>>> print(open('work_17.csv').read())   # CSV, C-alpha atoms
chain,number,residue,atom,x,y,z
Z,1,MET,CA,206.2,54.4,25.6
Z,2,LYS,CA,203.2,54.0,23.3
Z,3,ILE,CA,203.2,55.3,19.8
Z,4,GLU,CA,200.0,55.0,17.8
Z,5,LEU,CA,199.5,55.7,14.1
Z,6,LEU,CA,195.9,56.7,13.2
Z,7,CYS,CA,195.8,56.1,9.4
Z,8,VAL,CA,192.9,56.8,7.1
Z,9,GLY,CA,192.7,54.0,4.6
Z,10,LYS,CA,194.1,50.5,4.4
Z,11,LEU,CA,197.4,49.4,2.8
Z,12,LYS,CA,196.4,47.7,-0.5
Z,13,GLU,CA,199.8,46.8,-1.9
Z,14,SER,CA,201.6,43.8,-0.4
Z,15,TYR,CA,205.0,45.4,-0.7
Z,16,LEU,CA,203.8,48.3,1.5
Z,17,ARG,CA,202.3,45.9,4.0
Z,18,GLU,CA,205.6,44.0,4.1
Z,19,ALA,CA,207.6,47.1,4.7
Z,20,CYS,CA,205.3,48.2,7.5
Z,21,LYS,CA,205.6,44.7,9.1
Z,22,GLU,CA,209.4,45.0,9.0
Z,23,TYR,CA,209.4,48.4,10.7
Z,24,GLU,CA,206.8,47.3,13.3
Z,25,LYS,CA,209.1,44.4,14.2
Z,26,ARG,CA,212.2,46.7,14.5
Z,27,LEU,CA,210.3,49.2,16.5
Z,28,SER,CA,209.0,46.6,19.0
Z,29,ARG,CA,212.3,46.8,20.9
Z,30,TYR,CA,211.9,50.6,21.5
Z,31,CYS,CA,208.2,51.2,22.0
Z,32,LYS,CA,204.7,49.7,22.0
Z,33,LEU,CA,203.4,50.5,18.5
Z,34,VAL,CA,199.7,50.4,17.6
Z,35,ILE,CA,198.5,51.1,14.1
Z,36,THR,CA,194.8,51.9,13.8
Z,37,GLU,CA,193.3,51.9,10.3
Z,38,LEU,CA,190.2,54.0,9.8
Z,39,PRO,CA,187.9,53.7,6.9
Z,40,ASP,CA,188.4,56.2,4.1
Z,41,GLU,CA,185.6,57.6,2.0
Z,42,LYS,CA,185.3,57.1,-1.7
Z,43,THR,CA,186.5,60.1,-3.5
Z,44,LYS,CA,185.3,60.9,-7.0
Z,45,GLU,CA,187.8,62.5,-9.5
Z,46,ASP,CA,185.2,65.2,-10.4
Z,47,ALA,CA,183.9,65.8,-6.9
Z,48,SER,CA,182.7,69.2,-6.0
Z,49,GLU,CA,184.4,71.2,-3.2
Z,50,ALA,CA,181.3,70.6,-1.0
Z,51,GLU,CA,181.6,66.8,-1.6
Z,52,ASN,CA,185.3,66.9,-0.7
Z,53,ASP,CA,184.5,68.9,2.4
Z,54,LYS,CA,181.9,66.4,3.4
Z,55,ILE,CA,184.5,63.6,3.0
Z,56,LEU,CA,187.1,65.4,5.0
Z,57,LYS,CA,184.5,66.1,7.8
Z,58,THR,CA,183.5,62.4,7.9
Z,59,GLU,CA,187.1,61.2,8.0
Z,60,GLY,CA,187.9,63.9,10.5
Z,61,GLU,CA,185.2,62.8,12.9
Z,62,ARG,CA,186.5,59.2,12.7
Z,63,ILE,CA,190.0,60.4,13.6
Z,64,LEU,CA,188.8,62.6,16.5
Z,65,LYS,CA,186.9,59.6,18.0
Z,66,HIS,CA,190.3,57.8,18.3
Z,67,ILE,CA,192.3,60.7,19.8
Z,68,SER,CA,193.1,59.7,23.3
Z,69,GLU,CA,192.8,62.2,26.2
Z,70,GLY,CA,196.3,63.2,27.2
Z,71,ALA,CA,198.0,61.9,24.1
Z,72,PHE,CA,200.4,64.2,22.2
Z,73,VAL,CA,199.0,64.4,18.7
Z,74,ILE,CA,201.2,64.9,15.7
Z,75,THR,CA,199.6,65.4,12.4
Z,76,LEU,CA,201.4,64.9,9.1
Z,77,GLU,CA,200.7,67.9,6.9
Z,78,ILE,CA,202.3,69.4,3.8
Z,79,ALA,CA,202.2,72.8,5.5
Z,80,GLY,CA,203.7,71.5,8.8
Z,81,THR,CA,207.1,72.0,10.2
Z,82,GLU,CA,209.9,70.3,8.4
Z,83,LEU,CA,212.5,68.6,10.5
Z,84,ASP,CA,215.5,66.5,9.6
Z,85,SER,CA,216.0,63.1,11.1
Z,86,VAL,CA,218.2,64.3,14.0
Z,87,GLU,CA,215.8,67.1,14.8
Z,88,LEU,CA,212.8,64.7,14.8
Z,89,SER,CA,214.8,62.4,17.1
Z,90,GLN,CA,215.6,65.3,19.4
Z,91,LYS,CA,212.0,66.5,19.4
Z,92,LEU,CA,210.7,63.1,20.3
Z,93,ALA,CA,213.3,62.7,23.0
Z,94,GLY,CA,212.3,66.0,24.5
Z,95,LEU,CA,208.7,64.9,24.6
Z,96,PHE,CA,209.7,61.7,26.4
Z,97,VAL,CA,211.8,63.7,28.9
Z,98,ARG,CA,208.7,65.9,29.6
Z,99,GLY,CA,206.9,62.7,30.6
Z,100,ILE,CA,204.8,62.4,27.5
Z,101,SER,CA,204.4,58.6,27.1
Z,102,HIS,CA,201.6,58.4,24.5
Z,103,LEU,CA,202.1,59.9,21.0
Z,104,GLN,CA,199.5,59.7,18.3
Z,105,PHE,CA,200.5,60.3,14.7
Z,106,VAL,CA,197.7,61.1,12.3
Z,107,ILE,CA,197.9,60.4,8.5
Z,108,GLY,CA,194.9,61.6,6.6
Z,109,GLY,CA,193.3,60.2,3.5
Z,110,SER,CA,193.8,61.3,-0.1
Z,111,LEU,CA,192.2,64.7,0.6
Z,112,GLY,CA,194.3,65.4,3.7
Z,113,LEU,CA,192.9,66.3,7.1
Z,114,HIS,CA,189.9,68.2,8.2
Z,115,ASN,CA,190.5,71.5,10.1
Z,116,ASP,CA,189.1,70.1,13.3
Z,117,VAL,CA,191.8,67.5,13.3
Z,118,ILE,CA,194.5,70.1,12.5
Z,119,LYS,CA,193.3,72.3,15.4
Z,120,ARG,CA,193.6,69.3,17.8
Z,121,SER,CA,197.2,68.7,16.7
Z,122,ASP,CA,200.0,69.5,19.1
Z,123,LEU,CA,202.7,69.3,16.4
Z,124,HIS,CA,202.1,69.8,12.7
Z,125,LEU,CA,204.8,67.8,10.9
Z,126,SER,CA,205.8,67.8,7.3
Z,127,PHE,CA,208.1,65.4,5.6
Z,128,SER,CA,208.3,67.5,2.5
Z,129,LYS,CA,206.4,70.0,0.4
Z,130,LEU,CA,205.9,67.2,-2.0
Z,131,THR,CA,202.7,65.2,-1.9
Z,132,PHE,CA,203.0,61.5,-1.1
Z,133,PRO,CA,200.3,58.8,-1.2
Z,134,HIS,CA,199.0,58.2,2.3
Z,135,GLN,CA,199.9,54.5,2.1
Z,136,LEU,CA,203.6,55.3,1.4
Z,137,MET,CA,203.6,58.0,4.1
Z,138,ARG,CA,202.9,55.3,6.7
Z,139,VAL,CA,206.1,53.4,5.6
Z,140,MET,CA,208.1,56.6,5.6
Z,141,LEU,CA,206.8,57.5,9.1
Z,142,LEU,CA,207.6,54.1,10.5
Z,143,GLU,CA,211.1,54.3,9.1
Z,144,GLN,CA,211.7,57.7,10.6
Z,145,LEU,CA,210.5,56.6,14.0
Z,146,TYR,CA,212.9,53.7,13.8
Z,147,ARG,CA,215.7,56.0,12.8
Z,148,SER,CA,214.8,58.4,15.7
Z,149,PHE,CA,215.1,55.6,18.3
Z,150,ARG,CA,218.4,54.5,16.8
Z,151,ILE,CA,219.7,58.0,17.0
Z,152,GLN,CA,218.5,58.4,20.6
Z,153,SER,CA,220.2,55.1,21.5
Z,154,GLY,CA,223.5,56.1,19.9
Z,155,GLU,CA,223.2,53.2,17.5
Z,156,PRO,CA,224.4,53.4,13.9
Z,157,TYR,CA,222.0,54.6,11.2
Z,158,HIS,CA,222.3,55.5,7.5
Z,159,LYS,CA,222.8,59.2,6.9
>>> encode(input="work_17.csv", output="structure tokens")
Amino acid sequence: MKIELLCVGKLKESYLREACKEYEKRLSRYCKLVITELPDEKTKEDASEAENDKILKTEGERILKHISEGAFVITLEIAGTELDSVELSQKLAGLFVRGISHLQFVIGGSLGLHNDVIKRSDLHLSFSKLTFPHQLMRVMLLEQLYRSFRIQSGEPYHK
């Protein structure tokens, strides 16, 4: 089982890096986890819509170059399907039962994801209608993946 996170941007804050390291360590007993950081584009506060579209396209092209043939792609989007932790665990377990052994989760940059990336997605997942910083989203995703494996294994987890 290989789970890959494709993340636009680097983790800048040490506390977020430490949280990710902890979940990477915990997840290592359940899956092979790979985190790929892709460069983000500088975004000006007063950028025009055309400038933002160009940034999204550039970041989207970088993401698509890293999408593996045969991988099941899950994009994190505000407009995606909301699942609770048990539903997410069941969804992932169902994919594993179907023989899908490579999942790629995609976290976009500060502007989100380009439509070409969204079109390539096999599952559009939302953690909330709220907007979260993409760096924090990485920690949240890792925690939910860990929780999903704990649920699947019948191990205790915080409700």
>>> closest_residue(input="work_17.csv", among="Z:Leu141, Z:Ala47, Z:Leu125, Z:Leu11", to="Lys91 (chain Z)", atoms="all atoms listed in the file")
Z:Leu125
>>> residues_around(input="work_17.csv", residues="Ala93 (chain Z)", least_positions_apart="3", cutoff="9 Å", atoms="all atoms listed in the file", output="list in words")
Leu88, Ser89, Gln90, Phe96, Val97, Arg98, Ser148, Phe149 and Gln152 of chain Z
>>> closest_residue(input="work_17.csv", among="Z:Leu76, Z:Ala50, Z:Leu64, Z:Cys31", to="Arg138 (chain Z)", atoms="only C-alpha atoms")
Z:Leu76
>>> closest_residue(input="work_17.csv", among="Z:Glu77, Z:Asp116, Z:Glu49, Z:Glu37", to="Leu130 (chain Z)", atoms="all atoms listed in the file")
Z:Glu77
>>> residues_around(input="work_17.csv", residues="Tyr15 (chain Z)", least_positions_apart="4", cutoff="12 Å", atoms="only C-alpha atoms", output="PDB file with C-alpha atoms, in the frame of the given file")
ATOM      1  CA  LEU Z  11     197.400  49.400   2.800  1.00  0.00           C
ATOM      2  CA  ALA Z  19     207.600  47.100   4.700  1.00  0.00           C
ATOM      3  CA  CYS Z  20     205.300  48.200   7.500  1.00  0.00           C
ATOM      4  CA  LYS Z  21     205.600  44.700   9.100  1.00  0.00           C
ATOM      5  CA  GLU Z  22     209.400  45.000   9.000  1.00  0.00           C
ATOM      6  CA  GLN Z 135     199.900  54.500   2.100  1.00  0.00           C
ATOM      7  CA  LEU Z 136     203.600  55.300   1.400  1.00  0.00           C
ATOM      8  CA  VAL Z 139     206.100  53.400   5.600  1.00  0.00           C
TER       9      VAL Z 139
END
>>> atom_distance(input="work_17.csv", atom1="CA of Gly154 (chain Z)", atom2="CA of Tyr23 (chain Z)")
18.5 Å
>>> decode(input="work_17.csv", residues="region 135-150 of chain Z", atoms="N, CA and C atoms", output="CSV table (one decimal), in the first residue's frame")
chain,number,residue,atom,x,y,z
Z,135,GLN,N,-0.7,24.4,4.3
Z,135,GLN,CA,0.3,23.8,5.2
Z,135,GLN,C,-0.4,23.0,6.4
Z,136,LEU,N,-1.4,23.6,6.9
Z,136,LEU,CA,-2.2,23.0,8.0
Z,136,LEU,C,-3.0,21.8,7.5
Z,137,MET,N,-3.4,21.9,6.2
Z,137,MET,CA,-4.2,20.8,5.6
Z,137,MET,C,-3.4,19.6,5.5
Z,138,ARG,N,-2.1,19.7,5.3
Z,138,ARG,CA,-1.2,18.5,5.3
Z,138,ARG,C,-1.3,17.7,6.6
Z,139,VAL,N,-1.1,18.5,7.7
Z,139,VAL,CA,-1.2,17.8,9.0
Z,139,VAL,C,-2.6,17.2,9.2
Z,140,MET,N,-3.6,17.9,8.9
Z,140,MET,CA,-5.0,17.4,9.1
Z,140,MET,C,-5.2,16.1,8.2
Z,141,LEU,N,-4.7,16.1,7.0
Z,141,LEU,CA,-4.8,14.9,6.2
Z,141,LEU,C,-4.1,13.7,6.8
Z,142,LEU,N,-2.8,13.9,7.2
Z,142,LEU,CA,-2.0,12.9,7.8
Z,142,LEU,C,-2.7,12.3,9.0
Z,143,GLU,N,-3.3,13.2,9.8
Z,143,GLU,CA,-4.0,12.7,11.0
Z,143,GLU,C,-5.2,11.9,10.7
Z,144,GLN,N,-5.9,12.3,9.7
Z,144,GLN,CA,-7.1,11.5,9.2
Z,144,GLN,C,-6.7,10.2,8.6
Z,145,LEU,N,-5.6,10.2,7.9
Z,145,LEU,CA,-5.2,8.9,7.3
Z,145,LEU,C,-4.8,7.9,8.5
Z,146,TYR,N,-4.1,8.4,9.5
Z,146,TYR,CA,-3.7,7.6,10.6
Z,146,TYR,C,-5.0,7.1,11.3
Z,147,ARG,N,-5.9,8.0,11.5
Z,147,ARG,CA,-7.2,7.6,12.2
Z,147,ARG,C,-7.9,6.6,11.3
Z,148,SER,N,-7.9,6.7,10.0
Z,148,SER,CA,-8.6,5.7,9.1
Z,148,SER,C,-8.0,4.3,9.3
Z,149,PHE,N,-6.7,4.3,9.3
Z,149,PHE,CA,-6.0,2.9,9.5
Z,149,PHE,C,-6.3,2.4,10.9
Z,150,ARG,N,-6.4,3.2,11.9
Z,150,ARG,CA,-6.7,2.7,13.3
Z,150,ARG,C,-8.1,2.2,13.3
